[in-house]
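Coordinates as given in data07.cif (mmCIF, C-alpha atoms):
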data_target
loop_
_atom_site.group_PDB
_atom_site.id
_atom_site.type_symbol
_atom_site.label_atom_id
_atom_site.label_comp_id
_atom_site.auth_asym_id
_atom_site.auth_seq_id
_atom_site.Cartn_x
_atom_site.Cartn_y
_atom_site.Cartn_z
ATOM 1 C CA MET A 1 107.591 74.903 97.542
ATOM 2 C CA ALA A 2 106.691 78.413 98.730
ATOM 3 C CA ASN A 3 109.508 80.738 99.669
ATOM 4 C CA ARG A 4 107.325 83.340 101.397
ATOM 5 C CA LEU A 5 105.005 83.089 104.365
ATOM 6 C CA TYR A 6 102.491 85.813 105.287
ATOM 7 C CA VAL A 7 101.179 85.954 108.856
ATOM 8 C CA ALA A 8 98.242 88.207 109.756
ATOM 9 C CA SER A 9 98.640 89.301 113.373
ATOM 10 C CA ARG A 10 97.510 91.930 115.870
ATOM 11 C CA LYS A 11 100.905 93.566 115.421
ATOM 12 C CA GLY A 12 100.878 93.842 111.624
ATOM 13 C CA LEU A 13 101.494 91.681 108.577
ATOM 14 C CA LEU A 14 104.587 89.585 109.252
ATOM 15 C CA ILE A 15 106.459 88.438 106.149
ATOM 16 C CA TYR A 16 108.913 85.553 106.350
ATOM 17 C CA GLU A 17 111.241 84.262 103.631
ATOM 18 C CA ARG A 18 112.898 80.887 103.309
ATOM 19 C CA GLY A 19 116.635 80.937 102.724
ATOM 20 C CA ALA A 20 118.556 78.229 100.909
ATOM 21 C CA LYS A 21 120.260 76.982 104.078
ATOM 22 C CA ALA A 22 119.115 79.123 106.991
ATOM 23 C CA GLY A 23 115.431 78.148 106.951
ATOM 24 C CA TRP A 24 112.750 80.759 107.588
ATOM 25 C CA ARG A 25 113.689 84.313 108.586
ATOM 26 C CA HIS A 26 111.596 87.379 109.335
ATOM 27 C CA ALA A 27 111.992 89.638 106.281
ATOM 28 C CA THR A 28 109.746 92.593 107.126
ATOM 29 C CA THR A 29 106.525 93.745 108.770
ATOM 30 C CA ALA A 30 103.876 95.693 106.874
ATOM 31 C CA PHE A 31 101.259 97.763 108.743
ATOM 32 C CA ARG A 32 103.425 97.659 111.876
ATOM 33 C CA GLY A 33 101.290 97.941 115.015
ATOM 34 C CA SER A 34 97.948 97.565 113.208
ATOM 35 C CA PRO A 35 95.707 94.498 113.562
ATOM 36 C CA VAL A 36 95.679 92.546 110.285
ATOM 37 C CA THR A 37 92.706 90.160 110.220
ATOM 38 C CA MET A 38 93.325 88.411 106.895
ATOM 39 C CA VAL A 39 95.941 88.122 104.159
ATOM 40 C CA LEU A 40 95.692 86.570 100.700
ATOM 41 C CA ALA A 41 98.548 86.207 98.213
ATOM 42 C CA SER A 42 98.362 85.225 94.568
ATOM 43 C CA ARG A 43 100.145 82.064 93.493
ATOM 44 C CA ASP A 44 103.091 84.111 92.218
ATOM 45 C CA ASN A 45 103.127 86.344 95.366
ATOM 46 C CA ARG A 46 103.014 89.476 93.206
ATOM 47 C CA THR A 47 99.531 90.529 94.323
ATOM 48 C CA ILE A 48 98.771 90.467 98.041
ATOM 49 C CA PHE A 49 95.630 91.654 99.841
ATOM 50 C CA ALA A 50 95.524 92.579 103.527
ATOM 51 C CA GLY A 51 92.412 93.235 105.600
ATOM 52 C CA LEU A 52 92.895 95.479 108.636
ATOM 53 C CA ASN A 53 90.623 96.195 111.592
ATOM 54 C CA LEU A 54 91.487 99.676 112.797
ATOM 55 C CA GLY A 55 88.780 99.958 115.447
ATOM 56 C CA HIS A 56 87.429 103.508 115.446
ATOM 57 C CA PHE A 57 88.838 104.079 111.938
ATOM 58 C CA GLY A 58 87.011 101.032 110.585
ATOM 59 C CA THR A 59 87.832 98.125 108.363
ATOM 60 C CA LYS A 60 90.446 98.741 105.683
ATOM 61 C CA LEU A 61 91.540 96.723 102.664
ATOM 62 C CA HIS A 62 94.951 97.124 101.025
ATOM 63 C CA ARG A 63 96.601 95.611 97.943
ATOM 64 C CA THR A 64 100.182 95.454 96.739
ATOM 65 C CA THR A 65 101.333 94.406 93.282
ATOM 66 C CA ASP A 66 105.057 94.824 93.924
ATOM 67 C CA ASP A 67 105.769 92.210 96.608
ATOM 68 C CA GLY A 68 104.842 94.580 99.433
ATOM 69 C CA ALA A 69 107.125 97.498 98.530
ATOM 70 C CA SER A 70 104.070 99.783 98.354
ATOM 71 C CA TRP A 71 100.410 99.318 99.323
ATOM 72 C CA THR A 72 97.239 100.857 97.884
ATOM 73 C CA GLU A 73 94.121 101.277 100.009
ATOM 74 C CA LEU A 74 91.045 99.877 98.258
ATOM 75 C CA PRO A 75 87.409 100.544 99.058
ATOM 76 C CA ALA A 76 86.457 98.076 101.774
ATOM 77 C CA PRO A 77 83.212 96.184 101.204
ATOM 78 C CA SER A 78 80.156 97.829 102.711
ATOM 79 C CA PHE A 79 76.479 97.128 103.147
ATOM 80 C CA PRO A 80 74.022 99.079 100.973
ATOM 81 C CA LYS A 81 72.122 101.977 102.480
ATOM 82 C CA VAL A 82 68.804 101.123 104.131
ATOM 83 C CA GLU A 83 65.923 102.070 101.823
ATOM 84 C CA GLY A 84 62.600 103.250 103.252
ATOM 85 C CA GLY A 85 61.469 102.485 106.785
ATOM 86 C CA ASP A 86 62.917 104.362 109.733
ATOM 87 C CA LYS A 87 64.730 107.480 108.523
ATOM 88 C CA ASP A 88 67.356 106.968 111.242
ATOM 89 C CA ALA A 89 68.017 103.331 110.298
ATOM 90 C CA LYS A 90 71.577 102.680 109.194
ATOM 91 C CA ALA A 91 73.077 99.744 107.379
ATOM 92 C CA PRO A 92 75.380 97.650 109.560
ATOM 93 C CA ALA A 93 79.062 98.462 109.295
ATOM 94 C CA VAL A 94 81.608 95.834 108.287
ATOM 95 C CA SER A 95 83.631 95.319 111.457
ATOM 96 C CA ALA A 96 86.200 92.849 110.103
ATOM 97 C CA ILE A 97 87.364 90.983 107.024
ATOM 98 C CA TRP A 98 87.550 87.348 108.114
ATOM 99 C CA SER A 99 88.007 85.437 104.904
ATOM 100 C CA MET A 100 89.374 86.043 101.389
ATOM 101 C CA GLU A 101 89.718 83.630 98.511
ATOM 102 C CA TRP A 102 90.429 83.762 94.784
ATOM 103 C CA ALA A 103 87.376 82.863 92.690
ATOM 104 C CA GLY A 104 89.308 80.365 90.553
ATOM 105 C CA LYS A 105 91.876 79.982 87.804
ATOM 106 C CA ASP A 106 89.237 80.624 85.140
ATOM 107 C CA LYS A 107 88.389 84.025 86.715
ATOM 108 C CA PRO A 108 91.655 85.931 87.222
ATOM 109 C CA GLY A 109 91.243 88.959 89.471
ATOM 110 C CA ALA A 110 87.917 87.762 90.896
ATOM 111 C CA LEU A 111 87.723 87.449 94.680
ATOM 112 C CA TRP A 112 85.359 86.282 97.431
ATOM 113 C CA LEU A 113 85.418 88.058 100.768
ATOM 114 C CA GLY A 114 83.694 87.103 104.043
ATOM 115 C CA THR A 115 83.017 89.671 106.751
ATOM 116 C CA ALA A 116 81.699 90.226 110.233
ATOM 117 C CA PRO A 117 78.811 90.741 110.607
ATOM 118 C CA ALA A 118 78.209 87.667 108.471
ATOM 119 C CA ALA A 119 78.150 88.579 104.796
ATOM 120 C CA LEU A 120 79.656 87.411 101.534
ATOM 121 C CA PHE A 121 81.014 89.905 99.008
ATOM 122 C CA HIS A 122 82.311 89.326 95.470
ATOM 123 C CA SER A 123 84.716 91.352 93.344
ATOM 124 C CA SER A 124 84.099 90.106 89.816
ATOM 125 C CA ASP A 125 87.321 90.724 87.900
ATOM 126 C CA ASN A 126 88.624 94.071 89.042
ATOM 127 C CA GLY A 127 91.121 92.909 91.647
ATOM 128 C CA GLY A 128 89.204 94.231 94.633
ATOM 129 C CA ASP A 129 88.409 97.721 93.327
ATOM 130 C CA ALA A 130 84.637 97.227 93.807
ATOM 131 C CA TRP A 131 82.516 94.818 95.861
ATOM 132 C CA THR A 132 79.009 93.391 95.490
ATOM 133 C CA LEU A 133 77.078 92.006 98.456
ATOM 134 C CA LEU A 134 75.674 88.570 97.704
ATOM 135 C CA SER A 135 72.441 88.113 99.593
ATOM 136 C CA ALA A 136 69.993 86.411 97.216
ATOM 137 C CA ASN A 137 68.859 83.013 98.491
ATOM 138 C CA LEU A 138 71.345 82.976 101.375
ATOM 139 C CA PRO A 139 70.022 82.184 104.851
ATOM 140 C CA PRO A 140 70.509 84.852 107.552
ATOM 141 C CA VAL A 141 72.967 82.795 109.616
ATOM 142 C CA ASN A 142 76.525 83.305 110.777
ATOM 143 C CA ALA A 143 78.936 81.047 108.915
ATOM 144 C CA VAL A 144 82.662 80.506 108.723
ATOM 145 C CA ARG A 145 82.511 78.709 105.377
ATOM 146 C CA LEU A 146 79.767 77.996 102.867
ATOM 147 C CA VAL A 147 80.311 74.809 100.898
#
Could you render the structure as structure tokens?
Amino acid sequence: MANRLYVASRKGLLIYERGAKAGWRHATTAFRGSPVTMVLASRDNRTIFAGLNLGHFGTKLHRTTDDGASWTELPAPSFPKVEGGDKDAKAPAVSAIWSMEWAGKDKPGALWLGTAPAALFHSSDNGGDAWTLLSANLPPVNAVRLV
């Protein structure tokens, strides 16, 4: 049974731990005061990802590999630049990270990430250091989960 619980909230990333007799207790808060939209922990809780929505400062993605003692900011996924057409056209900006999931046991370090506006990004095996937008053969619809 898990001994840690991660809660993404508008007030930060709340981390709870289960004691032997006392039940759950609030252990710490990471990113205090910042809206955390998504959190994903590895099975061993050593690697944790947190997506933040900092409004004017944009969407941020952070990773820890030491149980939350220190966090590293990673490049957040982004849409490619608009080629050709209107010279003033800009690619949409990722406004939030809504979903994160490990790719599977056979692909350690590979992640899937869903965003708003609706898009699906993949980080092949680099632990979130680089992201690829998956758009081939996907319909242009908003989705919470593709099955």
Contacts of Asp125 of chain A at 8 Å or less, counting only C-alpha atoms, minus same-chain residues fewer than 5 places along, as a PDB file with C-alpha atoms, keeping the file's coordinate frame?
ATOM      1  CA  LYS A 107      88.389  84.025  86.715  1.00  0.00           C
ATOM      2  CA  PRO A 108      91.655  85.931  87.222  1.00  0.00           C
ATOM      3  CA  GLY A 109      91.243  88.959  89.471  1.00  0.00           C
ATOM      4  CA  ALA A 110      87.917  87.762  90.896  1.00  0.00           C
ATOM      5  CA  LEU A 111      87.723  87.449  94.680  1.00  0.00           C
TER       6      LEU A 111
END
The residue from A:Gly19, A:Gly33, A:Pro117, A:Gly128 with the smallest atom-to-atom distance to Leu52 of chain A, counting all atoms listed in the file, is A:Gly33
Which residues would end up in the selection if the PyMOL selection byres ((chain A and resi 120-122) around 9) were applied here, given that I need the answer as an mmCIF file with C-alpha atoms, in the frame of the given file?
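Output contents, as saved in result_35.cif:
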data_model
loop_
_atom_site.group_PDB
_atom_site.id
_atom_site.type_symbol
_atom_site.label_atom_id
_atom_site.label_comp_id
_atom_site.auth_asym_id
_atom_site.auth_seq_id
_atom_site.Cartn_x
_atom_site.Cartn_y
_atom_site.Cartn_z
ATOM 1 C CA PRO A 77 83.212 96.184 101.204
ATOM 2 C CA SER A 78 80.156 97.829 102.711
ATOM 3 C CA ALA A 103 87.376 82.863 92.690
ATOM 4 C CA ALA A 110 87.917 87.762 90.896
ATOM 5 C CA LEU A 111 87.723 87.449 94.680
ATOM 6 C CA TRP A 112 85.359 86.282 97.431
ATOM 7 C CA LEU A 113 85.418 88.058 100.768
ATOM 8 C CA GLY A 114 83.694 87.103 104.043
ATOM 9 C CA THR A 115 83.017 89.671 106.751
ATOM 10 C CA ALA A 118 78.209 87.667 108.471
ATOM 11 C CA ALA A 119 78.150 88.579 104.796
ATOM 12 C CA SER A 123 84.716 91.352 93.344
ATOM 13 C CA SER A 124 84.099 90.106 89.816
ATOM 14 C CA GLY A 128 89.204 94.231 94.633
ATOM 15 C CA ALA A 130 84.637 97.227 93.807
ATOM 16 C CA TRP A 131 82.516 94.818 95.861
ATOM 17 C CA THR A 132 79.009 93.391 95.490
ATOM 18 C CA LEU A 133 77.078 92.006 98.456
ATOM 19 C CA LEU A 134 75.674 88.570 97.704
ATOM 20 C CA SER A 135 72.441 88.113 99.593
#
Worksheet item: Could you spell out the hits of the PyMOL selection byres ((chain A and resi 62) around 9) on the shown file, as an MDAnalysis selection string?
Response: chainID A and resid 48:52 60:61 63:64 71:76
Check: What residues come out when you apply the PyMOL selection byres ((chain A and resi 31) around 8) to this file, written as a PyMOL selection string?
Finding: chain A and resi 11-13+29-30+32-34+36
